[in-house]
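J.: Contents of input00.cif (mmCIF, C-alpha atoms) are given next:
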data_my_file
loop_
_atom_site.label_atom_id
_atom_site.label_comp_id
_atom_site.auth_asym_id
_atom_site.auth_seq_id
_atom_site.Cartn_x
_atom_site.Cartn_y
_atom_site.Cartn_z
CA MET A 1 54.83 49.23 21.67
CA ILE A 2 53.19 47.16 24.38
CA TYR A 3 49.45 46.67 24.82
CA ASP A 4 47.25 44.46 26.93
CA VAL A 5 45.16 43.65 23.84
CA VAL A 6 45.70 44.00 20.12
CA ILE A 7 42.69 43.48 17.84
CA ILE A 8 43.21 42.89 14.14
CA GLY A 9 40.20 44.30 12.29
CA ALA A 10 38.34 47.58 12.76
CA GLY A 11 34.94 46.18 11.81
CA ALA A 12 31.81 45.50 13.87
CA ALA A 13 33.20 42.66 16.02
CA GLY A 14 36.64 44.22 16.44
CA LEU A 15 35.38 47.64 17.54
CA MET A 16 32.81 46.09 19.89
CA CYS A 17 35.50 43.96 21.51
CA ALA A 18 37.83 46.96 21.74
CA LEU A 19 35.38 49.28 23.47
CA THR A 20 34.35 46.50 25.89
CA ALA A 21 37.94 45.67 26.88
CA GLY A 22 38.86 49.35 26.96
CA CYS A 23 35.99 50.17 29.32
CA ALA A 24 37.30 47.44 31.63
CA GLY A 25 40.61 49.27 31.87
CA ARG A 26 42.67 47.34 29.33
CA ARG A 27 45.14 49.13 27.09
CA VAL A 28 43.78 48.28 23.64
CA LEU A 29 45.10 48.75 20.11
CA VAL A 30 43.01 48.10 16.98
CA VAL A 31 44.90 47.74 13.70
CA ASP A 32 43.48 47.47 10.20
CA HIS A 33 44.97 47.62 6.71
CA ALA A 34 42.01 49.69 5.44
CA ASN A 35 42.02 53.48 5.29
CA LYS A 36 38.73 53.73 7.16
CA ALA A 37 37.17 51.87 10.08
CA GLY A 38 33.90 50.00 9.68
CA LYS A 39 33.66 50.01 5.89
CA LYS A 40 31.20 47.11 5.83
CA ILE A 41 29.07 48.80 8.48
CA LEU A 42 28.84 51.89 6.30
CA MET A 43 27.67 50.05 3.18
CA SER A 44 25.36 47.56 4.90
CA GLY A 45 21.59 47.73 4.63
CA GLY A 46 21.77 50.01 1.62
CA GLY A 47 23.68 52.55 3.69
CA ARG A 48 21.28 52.37 6.63
CA CYS A 49 22.73 49.34 8.49
CA ASN A 50 20.36 46.59 9.62
CA PHE A 51 22.17 46.56 12.96
CA THR A 52 20.24 43.80 14.73
CA HIS A 53 17.16 41.58 14.70
CA LEU A 54 14.99 41.67 17.81
CA ALA A 55 14.31 37.93 17.58
CA SER A 56 17.90 36.91 16.90
CA GLY A 57 18.85 33.59 18.47
CA PRO A 58 20.90 30.43 17.88
CA ALA A 59 18.31 29.04 15.44
CA ASN A 60 19.17 31.86 13.02
CA PHE A 61 22.77 30.71 12.61
CA THR A 62 24.57 28.03 10.60
CA SER A 63 27.73 26.28 11.80
CA GLU A 64 29.25 22.82 11.85
CA ASN A 65 29.06 23.28 15.63
CA PRO A 66 25.53 24.74 16.09
CA SER A 67 25.77 25.01 19.88
CA PHE A 68 28.89 27.21 19.79
CA CYS A 69 27.01 30.50 19.37
CA ILE A 70 24.46 29.89 22.16
CA SER A 71 26.46 31.23 25.11
CA ALA A 72 27.48 34.59 23.60
CA LEU A 73 24.06 35.24 22.05
CA LYS A 74 22.34 34.60 25.39
CA ARG A 75 24.68 36.93 27.27
CA TYR A 76 24.46 39.87 24.86
CA ARG A 77 21.00 40.13 23.35
CA PRO A 78 19.51 42.52 20.76
CA GLU A 79 17.94 44.73 23.45
CA HIS A 80 21.42 45.37 24.87
CA PHE A 81 22.63 46.85 21.59
CA VAL A 82 19.38 48.78 21.17
CA GLU A 83 19.98 50.34 24.60
CA LEU A 84 23.48 51.38 23.46
CA VAL A 85 22.28 53.10 20.28
CA GLU A 86 19.41 54.78 22.13
CA ARG A 87 21.88 56.12 24.69
CA HIS A 88 23.71 57.78 21.81
CA GLY A 89 20.52 59.24 20.36
CA VAL A 90 20.45 57.12 17.22
CA GLU A 91 17.02 57.06 15.61
CA TYR A 92 16.01 53.75 14.08
CA VAL A 93 13.09 52.09 12.32
CA GLU A 94 11.70 48.56 12.22
CA LYS A 95 11.36 47.90 8.49
CA THR A 96 10.02 44.37 8.69
CA PRO A 97 9.19 42.58 11.96
CA GLY A 98 12.32 42.48 14.10
CA GLN A 99 14.71 44.09 11.60
CA LEU A 100 16.10 47.37 12.94
CA PHE A 101 17.72 49.91 10.60
CA CYS A 102 19.13 53.39 11.16
CA ALA A 103 16.49 55.98 10.32
CA ASP A 104 19.16 58.08 8.65
CA SER A 105 22.56 56.56 7.92
CA SER A 106 24.90 53.67 8.81
CA LYS A 107 27.35 56.36 9.87
CA GLU A 108 25.39 56.62 13.10
CA ILE A 109 26.30 53.06 14.16
CA LEU A 110 29.97 53.62 13.33
CA ARG A 111 29.83 56.91 15.26
CA VAL A 112 28.54 55.07 18.34
CA LEU A 113 31.32 52.49 18.18
CA LEU A 114 34.12 54.99 17.56
CA THR A 115 32.82 57.33 20.27
CA GLU A 116 32.74 54.48 22.79
CA CYS A 117 36.25 53.43 21.73
CA ASP A 118 37.45 57.01 22.21
CA TRP A 119 35.90 57.22 25.67
CA ALA A 120 37.55 53.90 26.58
CA GLY A 121 40.97 55.10 25.43
CA VAL A 122 41.24 52.63 22.55
CA ASP A 123 44.07 53.32 20.09
CA ILE A 124 43.02 52.74 16.46
CA ARG A 125 45.68 52.56 13.74
CA LEU A 126 44.54 52.28 10.12
CA LYS A 127 46.60 51.66 6.97
CA THR A 128 48.66 49.21 9.01
CA THR A 129 49.91 45.95 7.53
CA ILE A 130 50.54 42.84 9.63
CA GLU A 131 53.73 41.21 8.39
CA GLY A 132 53.95 38.38 10.89
CA VAL A 133 52.60 37.02 14.17
CA GLU A 134 54.41 34.84 16.70
CA ARG A 135 53.93 33.56 20.23
CA ARG A 136 56.11 35.27 22.84
CA GLY A 137 55.89 33.41 26.12
CA GLU A 138 52.48 34.17 27.60
CA GLY A 139 51.85 36.88 25.03
CA MET A 140 52.07 37.56 21.31
CA ARG A 141 54.30 39.68 19.08
CA LEU A 142 53.24 41.26 15.80
CA ALA A 143 55.57 42.50 13.09
CA THR A 144 53.77 45.41 11.47
CA SER A 145 54.34 48.26 9.04
CA MET A 146 54.64 50.57 12.05
CA GLY A 147 57.11 48.34 13.88
CA PRO A 148 56.94 45.44 16.35
CA ILE A 149 54.01 45.29 18.79
CA ASP A 150 53.83 43.12 21.91
CA CYS A 151 50.56 42.25 23.59
CA GLY A 152 49.13 40.00 26.26
CA ALA A 153 46.26 38.89 24.02
CA LEU A 154 45.69 38.99 20.28
CA VAL A 155 42.11 39.05 18.97
CA VAL A 156 41.50 38.22 15.30
CA ALA A 157 38.40 40.02 13.98
CA THR A 158 39.30 40.09 10.31
CA GLY A 159 35.94 38.99 8.90
CA GLY A 160 35.49 36.72 5.90
CA LEU A 161 36.00 36.81 2.15
CA SER A 162 32.82 38.60 1.10
CA ILE A 163 33.00 41.91 -0.79
CA PRO A 164 36.76 42.07 -1.47
CA THR A 165 36.41 45.70 -2.62
CA MET A 166 35.80 46.50 1.06
CA GLY A 167 39.21 45.01 1.89
CA ALA A 168 38.12 41.46 2.71
CA SER A 169 40.90 38.87 2.67
CA GLY A 170 41.73 35.42 3.96
CA PHE A 171 44.30 36.72 6.48
CA GLY A 172 42.36 35.46 9.50
CA TYR A 173 42.18 31.95 8.05
CA GLU A 174 45.92 31.97 7.29
CA LEU A 175 46.64 33.03 10.87
CA ALA A 176 44.41 30.27 12.23
CA ARG A 177 46.21 27.66 10.16
CA GLN A 178 49.58 29.02 11.26
CA PHE A 179 48.69 28.17 14.85
CA GLY A 180 47.25 24.75 14.04
CA LEU A 181 43.54 25.52 13.80
CA ALA A 182 41.38 23.95 11.13
CA VAL A 183 39.32 26.09 8.74
CA THR A 184 36.07 24.67 7.42
CA GLU A 185 35.20 25.05 3.73
CA THR A 186 34.38 28.66 2.90
CA ARG A 187 31.85 29.75 0.29
CA ALA A 188 29.79 32.82 -0.55
CA GLY A 189 26.58 33.23 1.47
CA LEU A 190 23.59 35.59 1.27
CA VAL A 191 24.34 36.01 -2.41
CA PRO A 192 22.24 36.23 -5.63
CA PHE A 193 22.03 33.28 -8.03
CA THR A 194 23.11 33.19 -11.65
CA LEU A 195 21.21 31.03 -14.15
CA THR A 196 22.04 28.95 -17.20
CA SER A 197 21.64 30.61 -20.59
CA HIS A 198 18.07 29.33 -21.10
CA TRP A 199 16.77 30.64 -17.78
CA LYS A 200 19.10 33.66 -17.76
CA ALA A 201 17.40 35.02 -20.88
CA ARG A 202 13.99 34.56 -19.27
CA ALA A 203 15.10 36.22 -16.02
CA GLU A 204 16.68 39.09 -17.96
CA ALA A 205 13.37 39.78 -19.68
CA LEU A 206 11.75 40.04 -16.24
CA ALA A 207 14.53 42.09 -14.60
CA GLY A 208 13.07 44.28 -11.86
CA VAL A 209 9.99 42.11 -11.26
CA SER A 210 9.56 41.07 -7.63
CA CYS A 211 7.06 38.84 -5.86
CA GLU A 212 6.77 36.98 -2.57
CA VAL A 213 7.71 33.31 -2.80
CA ALA A 214 8.48 30.35 -0.58
CA VAL A 215 11.77 28.76 -1.65
CA THR A 216 13.02 25.38 -0.43
CA CYS A 217 16.40 23.65 -0.64
CA ARG A 218 17.98 20.92 1.49
CA GLY A 219 15.00 20.90 3.84
CA ARG A 220 15.22 24.65 4.62
CA SER A 221 12.47 27.03 3.49
CA TYR A 222 12.14 30.81 3.44
CA ARG A 223 9.11 32.92 2.60
CA GLU A 224 10.40 36.27 1.38
CA PRO A 225 10.36 38.42 -1.78
CA MET A 226 12.25 37.19 -4.87
CA LEU A 227 13.66 39.54 -7.50
CA PHE A 228 14.45 38.78 -11.14
CA THR A 229 17.73 40.34 -12.32
CA HIS A 230 19.68 40.56 -15.56
CA ARG A 231 21.87 37.68 -14.35
CA GLY A 232 19.40 35.51 -12.43
CA LEU A 233 17.49 35.55 -9.17
CA SER A 234 17.97 37.76 -6.13
CA GLY A 235 15.92 39.34 -3.35
CA PRO A 236 15.72 38.23 0.31
CA ALA A 237 14.32 34.76 -0.49
CA MET A 238 17.20 33.90 -2.80
CA LEU A 239 19.84 35.43 -0.53
CA GLN A 240 18.55 33.40 2.41
CA ILE A 241 18.42 30.08 0.58
CA SER A 242 21.86 30.64 -1.00
CA SER A 243 23.41 29.96 2.39
CA VAL A 244 22.22 26.33 2.35
CA TRP A 245 22.55 25.80 -1.43
CA TYR A 246 25.46 23.86 -2.93
CA SER A 247 26.44 23.61 -6.58
CA GLY A 248 24.17 21.15 -8.37
CA ASP A 249 21.24 21.62 -5.99
CA THR A 250 17.78 22.43 -7.36
CA LEU A 251 15.56 25.11 -5.82
CA SER A 252 11.83 24.53 -5.44
CA ILE A 253 9.98 27.84 -5.65
CA ASP A 254 6.35 28.33 -4.65
CA LEU A 255 5.12 31.41 -6.50
CA LEU A 256 1.80 31.42 -4.58
CA PRO A 257 2.78 30.73 -0.96
CA GLY A 258 -0.15 30.18 1.39
CA LEU A 259 -2.48 29.24 -1.45
CA ASP A 260 -3.57 25.81 -2.69
CA ALA A 261 -3.19 26.57 -6.40
CA PHE A 262 -5.07 23.50 -7.65
CA GLU A 263 -8.04 24.17 -5.40
CA ALA A 264 -8.05 27.86 -6.32
CA LEU A 265 -7.91 27.07 -10.05
CA CYS A 266 -10.76 24.56 -9.75
CA HIS A 267 -12.81 27.19 -7.89
CA ALA A 268 -12.07 29.77 -10.59
CA ARG A 269 -13.09 27.29 -13.30
CA ARG A 270 -16.47 26.80 -11.59
CA GLU A 271 -17.10 30.46 -10.82
CA THR A 272 -15.59 32.15 -13.90
CA PRO A 273 -15.35 29.46 -16.61
CA ARG A 274 -14.85 31.97 -19.46
CA ARG A 275 -11.89 33.64 -17.81
CA ARG A 276 -8.45 33.20 -19.36
CA LEU A 277 -5.65 31.65 -17.31
CA SER A 278 -3.42 34.71 -17.81
CA SER A 279 -6.11 36.93 -16.30
CA TRP A 280 -6.37 34.72 -13.22
CA LEU A 281 -2.57 34.65 -12.85
CA GLY A 282 -2.36 38.41 -13.35
CA GLU A 283 -4.40 38.99 -10.20
CA ARG A 284 -2.02 36.92 -8.09
CA LEU A 285 1.36 37.62 -9.64
CA PRO A 286 3.04 40.64 -11.23
CA LYS A 287 1.50 40.97 -14.68
CA ARG A 288 4.83 40.62 -16.50
CA LEU A 289 5.51 37.35 -14.71
CA ALA A 290 1.98 36.06 -15.31
CA GLN A 291 2.29 36.78 -19.02
CA ALA A 292 5.75 35.20 -19.15
CA LEU A 293 4.51 31.99 -17.53
CA VAL A 294 1.77 31.40 -20.11
CA GLU A 295 4.24 32.21 -22.89
CA TRP A 296 6.87 29.81 -21.50
CA HIS A 297 4.31 27.02 -21.43
CA ASP A 298 2.45 28.14 -24.56
CA ASP A 299 -0.83 27.70 -22.71
CA ASP A 300 -3.39 30.46 -22.15
CA GLY A 301 -6.85 29.06 -22.67
CA VAL A 302 -10.15 29.82 -20.98
CA LEU A 303 -10.52 27.96 -17.68
CA ALA A 304 -13.57 25.97 -18.82
CA GLU A 305 -11.31 24.14 -21.28
CA TYR A 306 -8.95 22.87 -18.58
CA ALA A 307 -9.39 19.32 -17.28
CA ASN A 308 -8.25 18.51 -13.74
CA ALA A 309 -4.96 17.02 -14.95
CA ARG A 310 -4.12 20.23 -16.82
CA LEU A 311 -4.95 22.38 -13.78
CA GLN A 312 -2.85 20.06 -11.61
CA ALA A 313 0.08 20.52 -13.97
CA TRP A 314 -0.29 24.29 -13.68
CA ALA A 315 -0.52 24.03 -9.88
CA GLU A 316 2.86 22.25 -9.90
CA VAL A 317 4.34 24.92 -12.15
CA LEU A 318 3.14 27.61 -9.77
CA GLN A 319 3.93 25.92 -6.45
CA ALA A 320 6.93 23.75 -7.25
CA TRP A 321 8.84 25.69 -9.92
CA ARG A 322 12.15 23.85 -10.05
CA VAL A 323 15.25 25.81 -10.97
CA LYS A 324 18.85 24.62 -10.93
CA PRO A 325 21.09 27.72 -10.64
CA ALA A 326 24.30 27.85 -12.65
CA GLY A 327 26.02 29.29 -9.59
CA THR A 328 26.09 32.44 -7.50
CA GLU A 329 27.51 35.90 -8.07
CA GLY A 330 30.31 34.93 -5.68
CA TRP A 331 32.37 36.99 -3.29
CA ARG A 332 31.81 40.23 -5.22
CA THR A 333 28.25 40.62 -3.93
CA ALA A 334 28.05 38.05 -1.11
CA GLU A 335 27.05 39.61 2.20
CA VAL A 336 28.70 36.92 4.34
CA THR A 337 31.13 34.01 4.29
CA MET A 338 29.85 30.54 5.06
CA GLY A 339 32.35 28.44 7.02
CA GLY A 340 35.53 29.75 8.61
CA VAL A 341 37.77 29.01 11.59
CA ASP A 342 36.65 25.70 13.11
CA THR A 343 35.06 26.44 16.48
CA GLY A 344 36.06 23.04 17.86
CA ALA A 345 39.31 24.47 19.23
CA VAL A 346 37.81 27.79 20.41
CA SER A 347 36.10 28.50 23.74
CA SER A 348 32.46 29.53 23.41
CA LYS A 349 32.81 31.48 26.69
CA ASP A 350 35.77 33.78 25.98
CA PHE A 351 36.70 32.89 22.34
CA SER A 352 40.25 31.88 23.25
CA VAL A 353 42.10 29.10 21.44
CA GLN A 354 42.24 26.16 23.83
CA GLU A 355 45.94 25.40 23.38
CA LEU A 356 46.91 29.08 23.04
CA PRO A 357 44.66 31.24 25.28
CA GLN A 358 46.38 34.49 24.35
CA LEU A 359 44.98 34.08 20.81
CA ARG A 360 41.27 34.65 20.17
CA PHE A 361 38.91 34.71 17.18
CA ILE A 362 35.59 36.58 16.98
CA GLY A 363 32.92 37.57 14.47
CA GLU A 364 32.62 36.43 10.87
CA VAL A 365 36.09 34.85 10.70
CA LEU A 366 34.64 31.97 12.74
CA ASP A 367 32.44 29.21 11.33
CA VAL A 368 29.24 30.93 12.48
CA THR A 369 26.98 32.59 9.91
CA GLY A 370 23.61 34.25 10.48
CA GLU A 371 20.59 34.59 8.28
CA LEU A 372 19.70 37.82 6.49
CA GLY A 373 18.08 40.50 8.63
CA GLY A 374 20.56 41.78 11.22
CA HIS A 375 21.64 38.46 12.71
CA ASN A 376 25.26 38.71 11.57
CA PHE A 377 25.64 42.09 13.23
CA GLN A 378 24.16 40.64 16.40
CA TRP A 379 26.80 37.91 16.28
CA ALA A 380 29.50 40.56 15.86
CA TRP A 381 28.23 42.47 18.92
CA ALA A 382 27.73 39.34 21.04
CA SER A 383 31.06 37.69 20.24
CA GLY A 384 32.88 41.01 20.63
CA VAL A 385 31.39 41.66 24.05
CA ALA A 386 31.95 38.09 25.28
CA CYS A 387 35.59 38.21 24.26
CA GLY A 388 36.13 41.79 25.47
CA ASN A 389 34.72 41.04 28.93
CA ALA A 390 37.11 38.10 29.33
CA LEU A 391 40.32 39.96 28.40
#
Show me, as structure tokens, the structure contained in the file I just sent.

T.:
Amino acid sequence: MIYDVVIIGAGAAGLMCALTAGCAGRRVLVVDHANKAGKKILMSGGGRCNFTHLASGPANFTSENPSFCISALKRYRPEHFVELVERHGVEYVEKTPGQLFCADSSKEILRVLLTECDWAGVDIRLKTTIEGVERRGEGMRLATSMGPIDCGALVVATGGLSIPTMGASGFGYELARQFGLAVTETRAGLVPFTLTSHWKARAEALAGVSCEVAVTCRGRSYREPMLFTHRGLSGPAMLQISSVWYSGDTLSIDLLPGLDAFEALCHARRETPRRRLSSWLGERLPKRLAQALVEWHDDDGVLAEYANARLQAWAEVLQAWRVKPAGTEGWRTAEVTMGGVDTGAVSSKDFSVQELPQLRFIGEVLDVTGELGGHNFQWAWASGVACGNAL
């Protein structure tokens, strides 16, 4: 079997690259070991796929080479993908500012991609194992479970290590190393935290309670909802900050973002001196959390009894709650992989390997990771299109 392009991985980046190259007249084959294309697309966004973020840009991505993503993201912007889904009649909603989700089901996004691939004549083979890859002159040869395949260009769109039940593996990293590319340290990103036994018991008692917080770690801050779970802390705020957190780091959590807690407490003491602290907290935080806080600190007096130093101590509790996570829930629930194939040896224009231009890497397998909110899909679309146009 001979193709112009073989793409390993039938996910977001791989399918986008395939339809782009196919529309340009290339003979394209997509292979994947899974039994279904786009499994991660289908489960993303709670089954409704947060397929882009209208404000997505280079600042929303983490990489050891921060400038690498700029070119592709500038050439294929969120409005381009929105135009594609609108052309296919997909209805969508903007849940929070900039975050676009399918109004109905993630299946609609996969339908768009597979329909475009079909129109472009792309051949998709699932349940196919790659047994070996080697350079053949100016092309590449794959040994596969359906026999040898020769191609002019091989595109690796195998994704990262997150959610192994969806078929994630380190195959793309192994392939990169085989051809002399470095792979930066990989770790789980956009993932909930687990807590030590002391804090785990407290979080477990509050499981299901959510509130908006501002969380800070390593100079990065996010203001989003936080959710207590039976194992620790989750919710958008925790998922976002997990991508910059390393083992041993402490999180600083502001439970009253946008408020000067000390000033507000002093005001409450003047205006309502007979009010109990728990009552004041209960108006600003979920009642279960407010009650838990006064119990944890064994302190629930009337405000008139509180000297400035005591109110200042409470302000620090509320606005600089310091928590050192035990770890994260790991690959099982991580939405993305931090790190990946080092972009130093990859072209930011066409995603080819500098010393081996017939080999290319796109999407999550690279050391480029977006924030929560549709940015990682935008990277998949942008890198897929940039690579596909250059094949």

J.: Could you tell me which of A:Arg332, A:Arg75, A:Arg223, A:Arg135 comes closest to Met238 (chain A) if we count all atoms listed in the file?

T.: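 Looking at the shortest contact to Met238 (chain A), the residue is A:Arg223.
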
J.: Between A:Ile124, A:Val82, A:Ile362, A:Ala326, single out the one closest to Val385 (chain A), counting all atoms listed in the file.

T.: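 The answer is A:Ile362, which sits nearest to Val385 (chain A).
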
J.: If you count all atoms listed in the file, which residues fall within 7 Å of Pro164 (chain A), apart from same-chain ones fewer than 4 positions away, as a list of chain:residue names?

T.: A:Ala168, A:Ser169, A:Trp331, A:Arg332

J.: Identify, on the basis of all atoms listed in the file, every residue whose closest approach to region 245-247 of chain A does not exceed 7 Å; exclude the query and any residue fewer than 4 positions from it along the same chain; express the result as number ranges by chain.

T.: A: 217, 241, 327

J.: So what does the PyMOL selection byres ((chain A and resi 352) around 10) actually pick up in this one, as a list in words?

T.: Ala153, Leu154, Val155, Ala345, Val346, Ser347, Ser348, Lys349, Asp350, Phe351, Val353, Gln354, Glu355, Leu356, Pro357, Gln358, Leu359, Arg360, Phe361, Ile362, Cys387, Ala390 and Leu391 of chain A

J.: Please list, as a CSV table (one decimal) with C-alpha atoms, keeping the file's coordinate frame, the residues that have an atom at most 9 Å away from (-2.8, 31.5, -10.3) in the coordinates of this file, counting all atoms listed in the file.

T.:
chain,number,residue,atom,x,y,z
A,255,LEU,CA,5.1,31.4,-6.5
A,256,LEU,CA,1.8,31.4,-4.6
A,261,ALA,CA,-3.2,26.6,-6.4
A,262,PHE,CA,-5.1,23.5,-7.6
A,264,ALA,CA,-8.0,27.9,-6.3
A,265,LEU,CA,-7.9,27.1,-10.0
A,277,LEU,CA,-5.6,31.6,-17.3
A,278,SER,CA,-3.4,34.7,-17.8
A,279,SER,CA,-6.1,36.9,-16.3
A,280,TRP,CA,-6.4,34.7,-13.2
A,281,LEU,CA,-2.6,34.6,-12.8
A,282,GLY,CA,-2.4,38.4,-13.4
A,283,GLU,CA,-4.4,39.0,-10.2
A,284,ARG,CA,-2.0,36.9,-8.1
A,285,LEU,CA,1.4,37.6,-9.6
A,290,ALA,CA,2.0,36.1,-15.3
A,314,TRP,CA,-0.3,24.3,-13.7
A,315,ALA,CA,-0.5,24.0,-9.9
A,318,LEU,CA,3.1,27.6,-9.8

J.: Run the PyMOL selection byres ((chain A and resi 383) around 7) on the file and write out the hits as a count of residues only.

T.: 12

J.: Taking into account all atoms listed in the file, which residue in the set A:Ala10, A:Cys266, A:Val215, A:Val302 is nearest to Asp32 (chain A)?

T.: A:Ala10

J.: Written as a ChimeraX atom specification, which residues does the PyMOL selection byres ((chain A and resi 200-205) around 12) give for the file shown?

T.: /A:193-199,206-210,226-234,288-289,291-293,295-296,323-327

J.: Find the spatial neighbours of Asp118 (chain A), counting all atoms listed in the file, within a cut-off of 12 Å - ignore same-chain residues fewer than 2 positions away - and output them as a ChimeraX atom specification.

T.: /A:15,18-20,22-23,28-30,111-116,120-124

J.: Of the residues A:Thr165, A:Arg136, A:Phe101, A:Ala157, which is the one nearest to Cys17 (chain A), using all atoms listed in the file?

T.: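 Checking each of A:Thr165, A:Arg136, A:Phe101, A:Ala157 against Cys17 (chain A), counting all atoms listed in the file, the winner is A:Ala157.
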
J.: So which residues touch His33 (chain A) within 6 Å, counting all atoms listed in the file, skipping near sequence neighbours fewer than 2 positions away, as an mmCIF file with C-alpha atoms, keeping the file's coordinate frame?

T.:
data_model
loop_
_atom_site.group_PDB
_atom_site.id
_atom_site.type_symbol
_atom_site.label_atom_id
_atom_site.label_comp_id
_atom_site.auth_asym_id
_atom_site.auth_seq_id
_atom_site.Cartn_x
_atom_site.Cartn_y
_atom_site.Cartn_z
ATOM 1 C CA LEU A 126 44.540 52.280 10.120
ATOM 2 C CA LYS A 127 46.600 51.660 6.970
ATOM 3 C CA THR A 128 48.660 49.210 9.010
ATOM 4 C CA THR A 129 49.910 45.950 7.530
#

J.: Could you pull the residues within 12 Å of Leu190 (chain A), counting only C-alpha atoms, minus those fewer than 2 positions along the same chain, as number ranges by chain?

T.: A: 162-163, 187-188, 192-193, 234-245, 328-338, 369-373, 375-376

J.: If I only have part of region 113-125 of chain A, can you fill in N, CA, C and O atoms and write it as a CSV table (one decimal), in the frame of the given file?

T.:
chain,number,residue,atom,x,y,z
A,113,LEU,N,30.2,53.4,17.9
A,113,LEU,CA,31.3,52.5,18.2
A,113,LEU,C,32.6,53.3,18.4
A,113,LEU,O,33.4,53.0,19.3
A,114,LEU,N,32.9,54.2,17.5
A,114,LEU,CA,34.1,55.0,17.6
A,114,LEU,C,34.1,55.9,18.8
A,114,LEU,O,35.1,56.1,19.4
A,115,THR,N,32.9,56.5,19.1
A,115,THR,CA,32.8,57.3,20.3
A,115,THR,C,33.1,56.5,21.5
A,115,THR,O,33.9,57.0,22.4
A,116,GLU,N,32.5,55.3,21.6
A,116,GLU,CA,32.7,54.5,22.8
A,116,GLU,C,34.2,54.1,22.9
A,116,GLU,O,34.8,54.0,24.0
A,117,CYS,N,34.8,53.8,21.7
A,117,CYS,CA,36.2,53.4,21.7
A,117,CYS,C,37.1,54.6,22.2
A,117,CYS,O,38.0,54.4,23.0
A,118,ASP,N,36.7,55.8,21.8
A,118,ASP,CA,37.4,57.0,22.2
A,118,ASP,C,37.3,57.2,23.7
A,118,ASP,O,38.3,57.5,24.4
A,119,TRP,N,36.1,57.1,24.2
A,119,TRP,CA,35.9,57.2,25.7
A,119,TRP,C,36.7,56.2,26.5
A,119,TRP,O,37.1,56.4,27.6
A,120,ALA,N,36.9,55.0,25.9
A,120,ALA,CA,37.6,53.9,26.6
A,120,ALA,C,39.1,53.9,26.4
A,120,ALA,O,39.8,53.1,26.9
A,121,GLY,N,39.5,54.9,25.6
A,121,GLY,CA,41.0,55.1,25.4
A,121,GLY,C,41.6,54.1,24.4
A,121,GLY,O,42.8,53.9,24.5
A,122,VAL,N,40.8,53.6,23.5
A,122,VAL,CA,41.2,52.6,22.6
A,122,VAL,C,42.1,53.4,21.5
A,122,VAL,O,41.7,54.4,21.0
A,123,ASP,N,43.2,52.8,21.1
A,123,ASP,CA,44.1,53.3,20.1
A,123,ASP,C,43.7,52.6,18.8
A,123,ASP,O,43.8,51.4,18.7
A,124,ILE,N,43.4,53.3,17.8
A,124,ILE,CA,43.0,52.7,16.5
A,124,ILE,C,44.0,53.2,15.4
A,124,ILE,O,44.2,54.4,15.2
A,125,ARG,N,44.7,52.2,14.8
A,125,ARG,CA,45.7,52.6,13.7
A,125,ARG,C,45.2,51.9,12.4
A,125,ARG,O,45.2,50.7,12.3
